[in-house]
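Peer 1: One file is attached below, final.cif, containing mmCIF, C-alpha atoms and all ligand atoms.
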data_final
#
loop_
_atom_site.label_atom_id
_atom_site.label_comp_id
_atom_site.auth_asym_id
_atom_site.auth_seq_id
_atom_site.Cartn_x
_atom_site.Cartn_y
_atom_site.Cartn_z
CA MET C 14 -18.97 74.42 9.37
CA ALA C 15 -19.95 75.84 12.77
CA ALA C 16 -16.23 76.35 13.46
CA LEU C 17 -16.21 79.20 10.95
CA GLY C 18 -18.24 81.28 13.40
CA GLY C 19 -19.59 83.79 10.88
CA ALA C 20 -16.48 84.00 8.65
CA LEU C 21 -17.19 83.54 4.94
CA PRO C 22 -15.62 80.28 3.72
CA ASP C 23 -15.37 81.41 0.07
CA GLY C 24 -13.60 84.58 1.11
CA LEU C 25 -11.02 82.96 3.39
CA PRO C 26 -8.06 82.64 0.97
CA GLY C 27 -8.58 86.27 -0.10
CA ALA C 28 -8.82 87.46 3.50
CA VAL C 29 -5.68 85.50 4.50
CA ARG C 30 -3.83 87.18 1.64
CA ARG C 31 -5.22 90.61 2.59
CA LEU C 32 -4.11 90.20 6.19
CA ASP C 33 -0.67 89.03 5.01
CA LEU C 34 -0.27 92.09 2.79
CA ALA C 35 -1.59 94.53 5.40
CA VAL C 36 1.01 93.40 7.95
CA LEU C 37 3.77 93.41 5.33
CA HIS C 38 2.82 96.94 4.27
CA GLY C 39 3.04 97.90 7.94
CA ILE C 40 6.60 96.57 8.09
CA ALA C 41 7.41 98.37 4.81
CA ALA C 42 6.05 101.57 6.36
CA PHE C 43 8.37 101.16 9.37
CA LEU C 44 11.37 100.64 7.09
CA GLY C 45 10.23 103.58 4.92
CA GLU C 46 10.07 105.88 7.97
CA GLU C 47 13.58 104.92 9.04
CA LEU C 48 15.33 104.52 5.68
CA ALA C 49 13.56 106.74 3.10
CA GLY C 50 16.05 108.10 0.59
CA ARG C 51 18.81 105.74 1.73
CA GLY C 52 20.32 102.85 -0.15
CA PRO C 53 21.52 100.65 -1.60
CA LEU C 54 21.97 98.87 1.73
CA THR C 55 22.80 95.32 2.75
CA ALA C 56 20.59 93.52 5.25
CA GLU C 57 23.31 93.98 7.89
CA GLU C 58 23.47 97.73 7.23
CA ILE C 59 19.70 97.93 7.51
CA ALA C 60 19.70 96.01 10.80
CA THR C 61 22.32 98.43 12.15
CA ALA C 62 20.41 101.49 10.88
CA LEU C 63 17.26 100.20 12.59
CA GLY C 64 19.12 99.69 15.86
CA ALA C 65 18.35 95.97 15.92
CA ALA C 66 19.49 94.19 19.08
CA PRO C 67 21.93 91.36 18.19
CA ARG C 68 19.43 88.65 19.18
CA HIS C 69 16.75 90.11 16.88
CA ALA C 70 19.03 91.03 13.95
CA TRP C 71 18.07 87.79 12.11
CA ILE C 72 14.53 89.16 11.71
CA VAL C 73 15.61 91.97 9.35
CA PRO C 74 16.77 89.71 6.47
CA HIS C 75 13.67 87.58 7.12
CA TRP C 76 11.50 90.68 6.57
CA LEU C 77 13.55 91.73 3.55
CA ASP C 78 12.97 88.33 1.90
CA ALA C 79 9.22 88.79 2.28
CA LEU C 80 9.27 92.46 1.23
CA ALA C 81 11.44 91.79 -1.84
CA GLY C 82 9.28 88.78 -2.72
CA GLU C 83 6.20 91.03 -2.80
CA GLY C 84 7.96 93.88 -4.60
CA LEU C 85 7.78 96.21 -1.58
CA VAL C 86 11.54 96.82 -1.56
CA GLU C 87 14.04 96.59 -4.39
CA ARG C 88 16.81 94.02 -4.10
CA SER C 89 19.81 93.87 -6.44
CA ALA C 90 21.67 90.73 -7.47
CA SER C 91 24.43 91.77 -5.04
CA GLY C 92 21.95 91.66 -2.13
CA HIS C 93 21.59 95.44 -1.71
CA HIS C 94 18.22 96.99 -0.96
CA GLY C 95 16.59 100.26 -1.91
CA GLY C 96 13.27 101.80 -2.84
CA PHE C 97 12.33 102.69 0.76
CA ARG C 98 9.48 105.18 0.76
CA ARG C 99 8.11 107.21 3.64
CA PRO C 100 4.51 106.04 4.11
CA ARG C 101 1.63 108.35 3.24
CA ARG C 102 -1.12 109.00 5.75
CA SER C 103 -3.73 107.67 3.30
CA GLY C 104 -1.70 104.46 2.93
CA LEU C 105 -1.59 103.96 6.69
CA ILE C 106 -5.35 104.49 6.96
CA ALA C 107 -5.94 101.95 4.18
CA LEU C 108 -3.58 99.53 5.91
CA ARG C 109 -5.50 99.73 9.19
CA ARG C 110 -8.81 99.26 7.35
CA ASP C 111 -7.49 96.27 5.36
CA LEU C 112 -6.07 94.68 8.45
CA ASP C 113 -9.29 94.99 10.43
CA GLU C 114 -11.57 93.89 7.57
CA ALA C 115 -9.37 90.88 6.83
CA ARG C 116 -9.25 90.00 10.54
CA SER C 117 -13.01 90.18 10.78
CA GLY C 118 -13.48 88.19 7.53
CA LEU C 119 -11.31 85.45 9.00
CA GLY C 120 -13.43 85.31 12.15
CA TYR C 121 -10.69 86.40 14.58
CA PRO C 122 -11.74 88.46 17.62
CA GLU C 123 -11.32 92.26 17.46
CA ARG C 124 -8.46 91.91 19.91
CA LEU C 125 -6.27 90.57 17.10
CA THR C 126 -6.50 93.90 15.24
CA ARG C 127 -5.29 95.72 18.35
CA TYR C 128 -2.48 93.24 18.88
CA LEU C 129 -1.24 93.46 15.28
CA LEU C 130 -1.47 97.27 15.16
CA ASP C 131 0.25 97.57 18.55
CA SER C 132 3.00 95.22 17.32
CA LEU C 133 3.48 97.27 14.13
CA ARG C 134 3.66 100.52 16.12
CA ALA C 135 6.13 98.94 18.54
CA LEU C 136 8.50 97.62 15.83
CA PRO C 137 11.30 100.13 16.62
CA ASP C 138 11.17 99.14 20.31
CA LEU C 139 10.70 95.44 19.69
CA LEU C 140 13.66 95.34 17.31
CA ALA C 141 15.89 97.32 19.69
CA ASP C 142 14.77 95.07 22.59
CA ARG C 143 13.29 97.97 24.57
CA VAL C 144 9.92 96.16 24.58
CA SER C 145 9.44 92.42 24.88
CA ALA C 146 7.19 90.49 22.52
CA GLN C 147 6.20 88.28 25.46
CA ALA C 148 4.93 91.36 27.33
CA MET C 149 2.86 92.37 24.30
CA LEU C 150 1.33 88.91 23.88
CA PHE C 151 0.77 88.43 27.63
CA PRO C 152 0.20 91.98 28.96
CA GLU C 153 0.53 91.78 32.76
CA GLY C 154 0.22 88.02 32.49
CA ASP C 155 -3.18 88.24 30.78
CA LEU C 156 -3.75 85.35 28.36
CA GLY C 157 -6.63 87.00 26.41
CA THR C 158 -4.58 88.14 23.41
CA ALA C 159 -2.90 84.75 23.14
CA ALA C 160 -6.36 83.16 23.26
CA ALA C 161 -7.40 85.27 20.25
CA VAL C 162 -4.32 84.12 18.34
CA TYR C 163 -4.31 80.45 19.37
CA ARG C 164 -7.86 79.55 20.37
CA ASP C 165 -10.83 81.87 19.76
CA ASN C 166 -10.84 81.77 15.98
CA PRO C 167 -12.32 79.48 13.32
CA VAL C 168 -9.21 77.56 12.38
CA ASN C 169 -8.24 76.76 15.97
CA ARG C 170 -11.83 75.87 16.88
CA TYR C 171 -11.86 73.48 13.93
CA LEU C 172 -8.44 71.98 14.73
CA ASN C 173 -9.16 71.69 18.45
CA GLY C 174 -12.51 70.02 17.70
CA ALA C 175 -10.89 67.57 15.27
CA ALA C 176 -8.11 66.88 17.78
CA VAL C 177 -10.61 66.13 20.56
CA ASP C 178 -12.57 63.77 18.26
CA ALA C 179 -9.38 61.97 17.27
CA VAL C 180 -8.19 61.64 20.87
CA CYS C 181 -11.58 60.23 21.90
CA GLY C 182 -11.08 57.53 19.25
CA LEU C 183 -7.63 56.50 20.47
CA PRO C 184 -7.55 53.19 22.33
CA ALA C 185 -4.92 54.23 24.92
CA LYS C 186 -4.78 57.53 26.80
CA ARG C 187 -3.80 56.63 30.34
CA ARG C 188 -0.64 58.74 30.34
CA VAL C 189 -0.45 61.93 28.28
CA LEU C 190 2.53 64.25 27.80
CA GLU C 191 2.11 67.74 26.38
CA LEU C 192 5.24 69.51 25.14
CA GLY C 193 5.51 73.31 24.78
CA ALA C 194 2.05 73.44 26.35
CA GLY C 195 2.21 77.23 26.89
CA THR C 196 -1.24 78.76 27.19
CA GLY C 197 -2.85 75.32 26.97
CA SER C 198 -5.06 76.21 24.02
CA LEU C 199 -5.83 72.56 23.27
CA THR C 200 -5.31 71.31 26.82
CA ALA C 201 -8.51 73.08 27.90
CA TYR C 202 -10.50 70.90 25.49
CA LEU C 203 -8.59 67.66 26.06
CA LEU C 204 -8.74 67.56 29.88
CA PRO C 205 -12.56 67.19 30.14
CA VAL C 206 -12.68 64.31 27.65
CA LEU C 207 -9.67 62.60 29.22
CA ALA C 208 -11.16 62.66 32.72
CA GLY C 209 -11.88 59.06 33.71
CA HIS C 210 -9.40 57.68 31.13
CA THR C 211 -6.17 59.43 32.08
CA THR C 212 -4.18 58.96 35.26
CA GLU C 213 -1.54 61.57 34.41
CA TYR C 214 -1.53 64.54 32.04
CA LEU C 215 1.98 65.95 32.23
CA PHE C 216 1.77 69.60 31.09
CA THR C 217 5.29 70.78 30.24
CA ASP C 218 6.94 73.89 28.89
CA LEU C 219 10.34 75.51 28.88
CA SER C 220 8.89 78.47 30.77
CA PRO C 221 7.65 78.12 34.39
CA PHE C 222 5.35 81.14 33.79
CA PHE C 223 2.93 78.92 31.85
CA LEU C 224 3.04 76.14 34.44
CA ASP C 225 1.84 78.41 37.26
CA ALA C 226 -1.02 79.63 35.04
CA ALA C 227 -1.93 76.05 34.08
CA ARG C 228 -2.02 74.88 37.72
CA ARG C 229 -4.41 77.72 38.57
CA ARG C 230 -6.58 77.29 35.48
CA PHE C 231 -6.78 73.49 35.41
CA GLY C 232 -6.93 72.87 39.16
CA ALA C 233 -10.22 70.98 38.73
CA PHE C 234 -8.38 68.12 36.98
CA PRO C 235 -6.43 66.22 39.66
CA PHE C 236 -4.60 64.11 37.07
CA LEU C 237 -2.80 67.22 35.70
CA ARG C 238 0.82 67.57 36.71
CA THR C 239 3.21 70.24 35.48
CA ALA C 240 6.95 70.18 34.85
CA VAL C 241 9.57 72.29 33.15
CA ALA C 242 10.82 70.27 30.18
CA ASP C 243 12.98 71.27 27.24
CA PHE C 244 11.96 69.19 24.23
CA GLY C 245 15.39 69.91 22.79
CA ALA C 246 16.80 67.39 25.29
CA ASP C 247 16.10 63.80 26.33
CA LEU C 248 12.47 63.53 27.42
CA ALA C 249 12.59 60.45 29.64
CA ALA C 250 15.30 62.13 31.76
CA GLN C 251 13.00 65.11 32.32
CA CYS C 252 9.52 63.52 32.33
CA GLY C 253 10.25 60.17 33.97
CA PRO C 254 10.95 56.69 32.64
CA GLU C 255 7.34 55.52 32.32
CA PRO C 256 6.22 55.84 28.67
CA PHE C 257 3.27 57.88 27.44
CA ASP C 258 0.21 56.75 25.46
CA LEU C 259 -0.20 60.15 23.85
CA VAL C 260 2.28 62.97 23.21
CA VAL C 261 0.79 66.34 22.22
CA ALA C 262 2.56 69.43 20.83
CA VAL C 263 0.49 72.39 19.64
CA ASN C 264 2.27 75.10 17.66
CA ALA C 265 5.44 74.20 19.48
CA ALA C 266 7.34 71.52 17.52
CA HIS C 267 8.73 74.01 14.95
CA ASN C 268 10.81 75.45 17.82
CA ALA C 269 12.96 72.32 17.65
CA ARG C 270 16.33 72.83 16.02
CA HIS C 271 15.85 69.53 14.20
CA ALA C 272 12.29 68.31 13.70
CA GLY C 273 13.38 64.72 13.01
CA ASP C 274 15.47 64.59 16.19
CA LEU C 275 12.50 65.88 18.20
CA LEU C 276 10.26 63.19 16.70
CA GLY C 277 12.93 60.61 17.60
CA ARG C 278 12.88 61.85 21.22
CA ILE C 279 9.08 61.64 21.24
CA ARG C 280 9.12 58.13 19.77
CA ALA C 281 11.52 57.09 22.53
CA VAL C 282 8.94 57.92 25.25
CA LEU C 283 5.92 56.55 23.38
CA ALA C 284 4.30 53.43 24.83
CA PRO C 285 3.40 50.55 22.48
CA GLY C 286 0.08 51.49 20.84
CA GLY C 287 0.73 55.17 21.62
CA ALA C 288 0.00 58.21 19.43
CA VAL C 289 1.50 61.59 18.65
CA LEU C 290 -0.66 64.65 18.02
CA LEU C 291 0.85 67.74 16.39
CA ILE C 292 -0.83 70.99 15.46
CA GLU C 293 1.50 73.07 13.33
CA THR C 294 1.53 76.14 11.14
CA CYS C 295 2.90 74.93 7.81
CA HIS C 296 3.48 78.15 5.85
CA GLU C 297 5.40 81.38 6.44
CA HIS C 298 2.49 83.83 6.48
CA HIS C 299 3.49 87.51 6.38
CA GLN C 300 0.76 88.27 8.96
CA SER C 301 2.89 86.83 11.76
CA LEU C 302 6.06 88.76 10.81
CA ALA C 303 5.43 91.77 13.06
CA SER C 304 5.05 89.74 16.21
CA MET C 305 5.98 86.04 16.19
CA PRO C 306 9.64 86.25 15.06
CA PHE C 307 10.48 88.22 18.21
CA LEU C 308 9.19 85.31 20.29
CA LEU C 309 11.50 82.97 18.40
CA SER C 310 14.72 84.90 19.03
CA ALA C 311 17.28 83.52 21.45
CA PRO C 312 17.33 84.86 25.03
CA PRO C 313 19.25 88.13 25.56
CA GLY C 314 22.96 87.71 25.00
CA GLU C 315 22.58 84.54 22.94
CA ALA C 316 22.61 84.01 19.18
CA ARG C 317 19.63 82.28 17.59
CA PRO C 318 20.46 78.58 17.26
CA ALA C 319 20.54 77.54 13.60
CA ARG C 320 17.94 75.08 12.37
CA LEU C 321 19.62 71.81 11.48
CA ASP C 322 16.87 70.02 9.54
CA ARG C 323 15.27 70.76 6.18
CA ARG C 324 15.25 74.43 7.18
CA ALA C 325 19.07 74.54 7.46
CA GLY C 326 20.55 77.41 5.46
CA THR C 327 17.14 79.08 5.08
CA ARG C 328 15.40 81.62 7.27
CA ARG C 329 12.27 79.49 7.52
CA THR C 330 10.53 79.06 10.87
CA TYR C 331 8.03 76.40 9.85
CA LEU C 332 8.11 73.07 8.07
CA THR C 333 5.54 72.48 5.36
CA ARG C 334 2.83 69.86 5.74
CA GLU C 335 4.73 67.62 3.29
CA GLU C 336 7.92 68.04 5.32
CA TRP C 337 6.19 67.10 8.58
CA THR C 338 4.68 64.07 6.84
CA ALA C 339 8.13 63.05 5.63
CA GLU C 340 9.76 63.65 9.04
CA LEU C 341 7.05 61.63 10.81
CA GLY C 342 7.48 58.84 8.27
CA ALA C 343 11.26 58.87 8.72
CA ALA C 344 10.77 58.59 12.50
CA GLY C 345 8.65 55.47 11.90
CA MET C 346 5.40 57.32 12.68
CA PRO C 347 3.63 58.14 9.37
CA PRO C 348 0.51 60.28 9.92
CA VAL C 349 -2.78 58.41 10.06
CA LEU C 350 -4.74 61.67 10.12
CA ASP C 351 -3.95 65.00 8.43
CA LEU C 352 -6.54 67.79 8.57
CA PRO C 353 -7.83 69.98 7.04
CA ARG C 354 -7.83 68.35 3.63
CA PRO C 355 -6.46 70.55 0.82
CA ASP C 356 -9.95 71.38 -0.52
CA HIS C 357 -11.30 72.45 2.90
CA PRO C 358 -12.01 76.22 3.22
CA LEU C 359 -9.85 76.41 6.34
CA ALA C 360 -6.84 75.03 4.44
CA ALA C 361 -6.10 78.71 3.57
CA PHE C 362 -4.78 79.19 7.13
CA SER C 363 -2.07 76.54 6.53
CA GLN C 364 -2.46 75.12 10.03
CA HIS C 365 -2.59 71.35 10.32
CA LEU C 366 -3.53 68.61 12.71
CA LEU C 367 -1.29 65.59 12.22
CA ILE C 368 -1.77 62.39 14.16
CA ALA C 369 0.61 59.46 14.05
CA ALA C 370 -0.05 56.18 15.78
CA PRO C 371 2.79 53.87 14.78
CA ASP C 372 1.23 50.63 16.01
CA LEU C 373 -2.35 51.30 14.93
CA ARG C 374 -3.77 50.23 11.61
CA GLY C 375 -6.01 52.76 9.86
CA ARG C 376 -7.01 56.11 11.27
CA PRO C 377 -8.41 57.03 14.65
CA ARG C 378 -12.18 57.36 14.52
C1 LIG Y 1 3.55 79.27 20.08
S1 LIG Y 1 3.61 78.76 21.74
C2 LIG Y 1 2.30 77.57 21.76
C3 LIG Y 1 1.89 77.27 23.15
C4 LIG Y 1 0.76 76.28 23.40
N1 LIG Y 1 0.97 74.97 22.83
C5 LIG Y 1 -0.57 76.84 23.08
O1 LIG Y 1 -1.17 76.39 22.11
O2 LIG Y 1 -0.99 77.70 23.78
C6 LIG Y 1 5.08 77.75 21.76
C7 LIG Y 1 5.43 77.22 23.13
O3 LIG Y 1 6.55 76.35 23.02
C8 LIG Y 1 7.39 76.57 24.14
N2 LIG Y 1 8.75 76.12 23.77
C9 LIG Y 1 9.58 76.66 22.86
N3 LIG Y 1 10.71 75.95 22.79
C10 LIG Y 1 10.60 74.94 23.69
C11 LIG Y 1 11.45 73.88 24.08
N4 LIG Y 1 12.66 73.71 23.54
N5 LIG Y 1 11.01 73.03 25.02
C12 LIG Y 1 9.78 73.20 25.58
N6 LIG Y 1 8.92 74.18 25.24
C13 LIG Y 1 9.34 75.05 24.31
C14 LIG Y 1 7.29 78.05 24.42
O4 LIG Y 1 7.64 78.36 25.75
C15 LIG Y 1 5.81 78.30 24.14
O5 LIG Y 1 5.02 78.15 25.27
#
Rewrite the coordinates I just gave you, this time as C-alpha cells.
Peer 2:
Amino acid sequence: MAALGGALPDGLPGAVRRLDLAVLHGIAAFLGEELAGRGPLTAEEIATALGAAPRHAWIVPHWLDALAGEGLVERSASGHHGGFRRPRRSGLIALRRDLDEARSGLGYPERLTRYLLDSLRALPDLLADRVSAQAMLFPEGDLGTAAAVYRDNPVNRYLNGAAVDAVCGLPAKRRVLELGAGTGSLTAYLLPVLAGHTTEYLFTDLSPFFLDAARRRFGAFPFLRTAVADFGADLAAQCGPEPFDLVVAVNAAHNARHAGDLLGRIRAVLAPGGAVLLIETCHEHHQSLASMPFLLSAPPGEARPARLDRRAGTRRTYLTREEWTAELGAAGMPPVLDLPRPDHPLAAFSQHLLIAAPDLRGRPR
C-alpha cells in the first residue's frame, strides 16, 4: 500500500465525498453570488445570466444536474431552478477547510488545493471565456499542476505502477503508440522499462504543445517519436501503416465521440498478439466540475460535438467501468486486467486500469 503515500485507506471514500461536496458548494456559491433572489430560471436563462460563452454554455446544465442531485438548488418538474442563496463568509471558510482537508486525506499535493480554489474563484472568467482552463492547468507552460492532478497522488501512483507491471509482462512491445499522450504522466514510467524492448514509442496528441514538451523531457529515449494525431480519425493514416504491439491511452479515451468507434480504430492498428492499455476515470465526480469541463469544450466558435455512444442524450463525460468493459468486449478485445478491484481502498477514486490483449489467453503477469 506504499502508493497511498500517507493517505488513510479507510478514510478514502469519505474524503472523496468531502472533496466532491466542497467543490460543488463552491459552484453553488458562485451561482448564489450571481443569482440570489432570482428564479425560477431555466438552464438557458441561467447560462445567459452568468454570461456563459456559447462554447461553455453546456457546462451550466451539467452543474445544475449535480447541484439539484445534491439538493443545492431547487428544480421544478418543468426544469426551472431556484433557491439560489448568497454564500455566507463562514460557509466559504468551511468550504476552503473541507477542500484542503479532503485533498490532504486523499494524498494529493498541496498544489491541488490552490488549483481547485483558483478555478472556483475564476468561474465567472472561465465561463465567459476571459480566462482559459488550459492556462490555469499549465500556467506559463508549467506542468507542475497537471502532475499533481494526473501523477503525484496515490491513485495515479498505484495505476501507473500496475500499468508498468502489466506492460513488463506483455510478450510484445516492439512498437508502442500512445494516444492523447498530453503531459505523459504514464509515459515517464513506461519509457525506462521499454528501453531495450521497444524500437518506436510514438507519442501522439491533438495538441503540438505537448509534443514539444515531450521531446524536451524524454530526449534521453532515442526510440521516442512524436506526432500530431487525432484519435477521432483513422489512425493508420496518421501514424503509419505498420501495426503496433501496444496502444496506450491515459485519461484520454473519453474524449472520443464514440468509445466503440475509437476502440475499432485502435483494433485496426493493433498487431497480432498486441495489447491495449487504458486508464480512465469511470465516474462523474463533482470535484472535477470547476475545472475539467472547460477543457472538454469545443474550440472557440465551435459547438461541443455530441457524444454518440452510450452517453448520447446525456451530459456525461465518462463511461463507467462496466461500459468500458462492454465496449472493449464488443470491439473483440475483452479486458484481461481491470484494476483496482472493487474492494480495494483506491476504488473510491473511480479510476481504472483496463488492459485488453485480444490474442492472449489469461492475464498479463
Ligand atoms: C486529460 S488529458 C490526459 C493527458 C495524458 N494522457 C496524461 O496523462 O498526461 C487528455 C489529452 O487528450 C488529448 N486529446 C483530446 N482529444 C483528442 C483527440 N481527438 N485526439 C488526440 N488527442 C486528444 C488532449 O489534448 C489531452 O492532452
Peer 1: Quick one: residues within 9 Å of ligand LIG 1 (chain Y), with all atoms listed in the file, as a ChimeraX atom specification?
Peer 2: /C:159-160,163-164,191-200,217-223,241-246,261-270,292,305,308-309
Peer 1: Counting all atoms listed in the file, which residues come within 12 Å of (-2.8, 57.4, 34.0), with the point read in the file's coordinates, and could you list them as a count of residues only?
Peer 2: 24
Peer 1: Would you place a box with edges along x, y and z of the file around all atoms of range 355-366 of chain C listed there, add 6 Å to each of its six sides, and report the centre and edge lengths in Å to one decimal, as JSON?
Peer 2:
{"center_x": -7.0, "center_y": 73.9, "center_z": 6.1, "size_x": 21.9, "size_y": 22.6, "size_z": 25.2}
Peer 1: Which residue is closest to Pro371 in chain C? Choose from C:Arg98, C:Arg280, C:Arg110, C:Arg31 and count all atoms listed in the file.
Peer 2: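 Closest to Pro371 in chain C of all the choices is C:Arg280.
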Peer 1: What's around Pro348 in chain C at 10 Å? Count only C-alpha atoms, leave out sequence neighbours fewer than 3 positions away in its own chain, and write the answer as a PDB file with C-alpha atoms, in the coordinates of the input.
Peer 2:
ATOM      1  CA  ALA C 288       0.000  58.210  19.430  1.00  0.00           C
ATOM      2  CA  VAL C 289       1.500  61.590  18.650  1.00  0.00           C
ATOM      3  CA  LEU C 290      -0.660  64.650  18.020  1.00  0.00           C
ATOM      4  CA  LEU C 291       0.850  67.740  16.390  1.00  0.00           C
ATOM      5  CA  TRP C 337       6.190  67.100   8.580  1.00  0.00           C
ATOM      6  CA  THR C 338       4.680  64.070   6.840  1.00  0.00           C
ATOM      7  CA  ALA C 339       8.130  63.050   5.630  1.00  0.00           C
ATOM      8  CA  GLU C 340       9.760  63.650   9.040  1.00  0.00           C
ATOM      9  CA  LEU C 341       7.050  61.630  10.810  1.00  0.00           C
ATOM     10  CA  GLY C 342       7.480  58.840   8.270  1.00  0.00           C
ATOM     11  CA  GLY C 345       8.650  55.470  11.900  1.00  0.00           C
ATOM     12  CA  ASP C 351      -3.950  65.000   8.430  1.00  0.00           C
ATOM     13  CA  LEU C 366      -3.530  68.610  12.710  1.00  0.00           C
ATOM     14  CA  LEU C 367      -1.290  65.590  12.220  1.00  0.00           C
ATOM     15  CA  ILE C 368      -1.770  62.390  14.160  1.00  0.00           C
ATOM     16  CA  ALA C 369       0.610  59.460  14.050  1.00  0.00           C
ATOM     17  CA  ALA C 370      -0.050  56.180  15.780  1.00  0.00           C
ATOM     18  CA  PRO C 371       2.790  53.870  14.780  1.00  0.00           C
ATOM     19  CA  GLY C 375      -6.010  52.760   9.860  1.00  0.00           C
ATOM     20  CA  ARG C 376      -7.010  56.110  11.270  1.00  0.00           C
TER      21      ARG C 376
END
Peer 1: Would you kindly return, as a CSV table (one decimal) with C-alpha atoms, keeping the file's coordinate frame, each protein, DNA or RNA residue with an atom no farther than 12 Å from any atom of Ser304 in chain C, considering all atoms listed in the file and excluding same-chain residues fewer than 4 positions away?
Peer 2:
chain,number,residue,atom,x,y,z
C,36,VAL,CA,1.0,93.4,8.0
C,37,LEU,CA,3.8,93.4,5.3
C,39,GLY,CA,3.0,97.9,7.9
C,40,ILE,CA,6.6,96.6,8.1
C,69,HIS,CA,16.8,90.1,16.9
C,72,ILE,CA,14.5,89.2,11.7
C,76,TRP,CA,11.5,90.7,6.6
C,125,LEU,CA,-6.3,90.6,17.1
C,128,TYR,CA,-2.5,93.2,18.9
C,129,LEU,CA,-1.2,93.5,15.3
C,130,LEU,CA,-1.5,97.3,15.2
C,131,ASP,CA,0.2,97.6,18.6
C,132,SER,CA,3.0,95.2,17.3
C,133,LEU,CA,3.5,97.3,14.1
C,134,ARG,CA,3.7,100.5,16.1
C,135,ALA,CA,6.1,98.9,18.5
C,136,LEU,CA,8.5,97.6,15.8
C,138,ASP,CA,11.2,99.1,20.3
C,139,LEU,CA,10.7,95.4,19.7
C,140,LEU,CA,13.7,95.3,17.3
C,144,VAL,CA,9.9,96.2,24.6
C,145,SER,CA,9.4,92.4,24.9
C,146,ALA,CA,7.2,90.5,22.5
C,147,GLN,CA,6.2,88.3,25.5
C,148,ALA,CA,4.9,91.4,27.3
C,149,MET,CA,2.9,92.4,24.3
C,150,LEU,CA,1.3,88.9,23.9
C,159,ALA,CA,-2.9,84.8,23.1
C,162,VAL,CA,-4.3,84.1,18.3
C,298,HIS,CA,2.5,83.8,6.5
C,299,HIS,CA,3.5,87.5,6.4
C,300,GLN,CA,0.8,88.3,9.0
C,308,LEU,CA,9.2,85.3,20.3
C,309,LEU,CA,11.5,83.0,18.4
C,310,SER,CA,14.7,84.9,19.0
Peer 1: Could you give me, as a PyMOL selection string, the residues within 10 Å of Ala311 in chain C, counting all atoms listed in the file and dropping anything in the same chain fewer than 4 positions from it?
Peer 2: chain C and resi 67-69+307+315-318
Peer 1: So how many Å separate CA of Asp113 in chain C and CA of Leu32 in chain C, to one decimal?
Peer 2: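 Interatomic distance here is 8.2 Å.
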Peer 1: For CA of Leu204 in chain C and CA of Tyr171 in chain C, determine how far apart the two atoms are, in Å to one decimal place.
Peer 2: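 Going from CA of Leu204 in chain C over to CA of Tyr171 in chain C covers 17.3 Å.
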Peer 1: Can you work out which one of C:Val86, C:Ala343, C:Leu248, C:Ile106 has the shortest atom-to-atom distance to Gly45 in chain C, counting all atoms listed in the file?
Peer 2: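 The shortest atom-to-atom distance to Gly45 in chain C comes from C:Val86.
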Peer 1: Name the residues in contact with Ala56 in chain C at a cut-off of 9 Å, using only C-alpha atoms, excluding same-chain residues fewer than 5 positions from it; report them as a PyMOL selection string.
Peer 2: chain C and resi 61+73-74+77+92-94
Peer 1: Quick one, how far is CA of Asp142 in chain C from CA of Ala66 in chain C?
Peer 2: 5.9 Å
Peer 1: Can you work out which one of C:His296, C:Arg102, C:Arg88, C:His271 has the shortest atom-to-atom distance to Ala360 in chain C, counting all atoms listed in the file?
Peer 2: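 Using all atoms listed in the file, Ala360 in chain C sits closest to C:His296.
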Peer 1: Hey, which of C:Leu352, C:Leu112, C:Cys252, C:Ala281 ends up closest to Thr294 in chain C? Count all atoms listed in the file.
Peer 2: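 Looking only at the distances to Thr294 in chain C, the closest residue turns out to be C:Leu352.
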Peer 1: Around (5.0, 95.2, -1.0) in the file's frame, which residues reach within 10 Å when counting all atoms listed in the file? Return as a list in words?
Peer 2: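 These residues have at least one counted atom within 10 Å: Leu34, Ala35, Val36, Leu37, His38, Gly39, Ile40, Ala41, Ala42, Ala79, Leu80, Ala81, Gly82, Glu83, Gly84, Leu85, Val86 and Glu87 of chain C.
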Peer 1: Which residue, C:Ala176, C:Leu283, C:Ala272, C:Ala115, has the smallest gap to Pro254 in chain C when you use all atoms listed in the file?
Peer 2: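 Result for the nearest residue to Pro254 in chain C: C:Leu283.
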Peer 1: Taking into account only C-alpha atoms, which residue in the set C:Val260, C:Ala60, C:Leu25, C:Leu183 is nearest to His75 in chain C?
Peer 2: C:Ala60
Peer 1: Tell me which protein, DNA and RNA residues are within 8 Å of Phe97 in chain C, counting all atoms listed in the file, leaving out same-chain ones fewer than 2 positions away, and put them as a ChimeraX atom specification.
Peer 2: /C:41,44-45,48-51,86,95,99
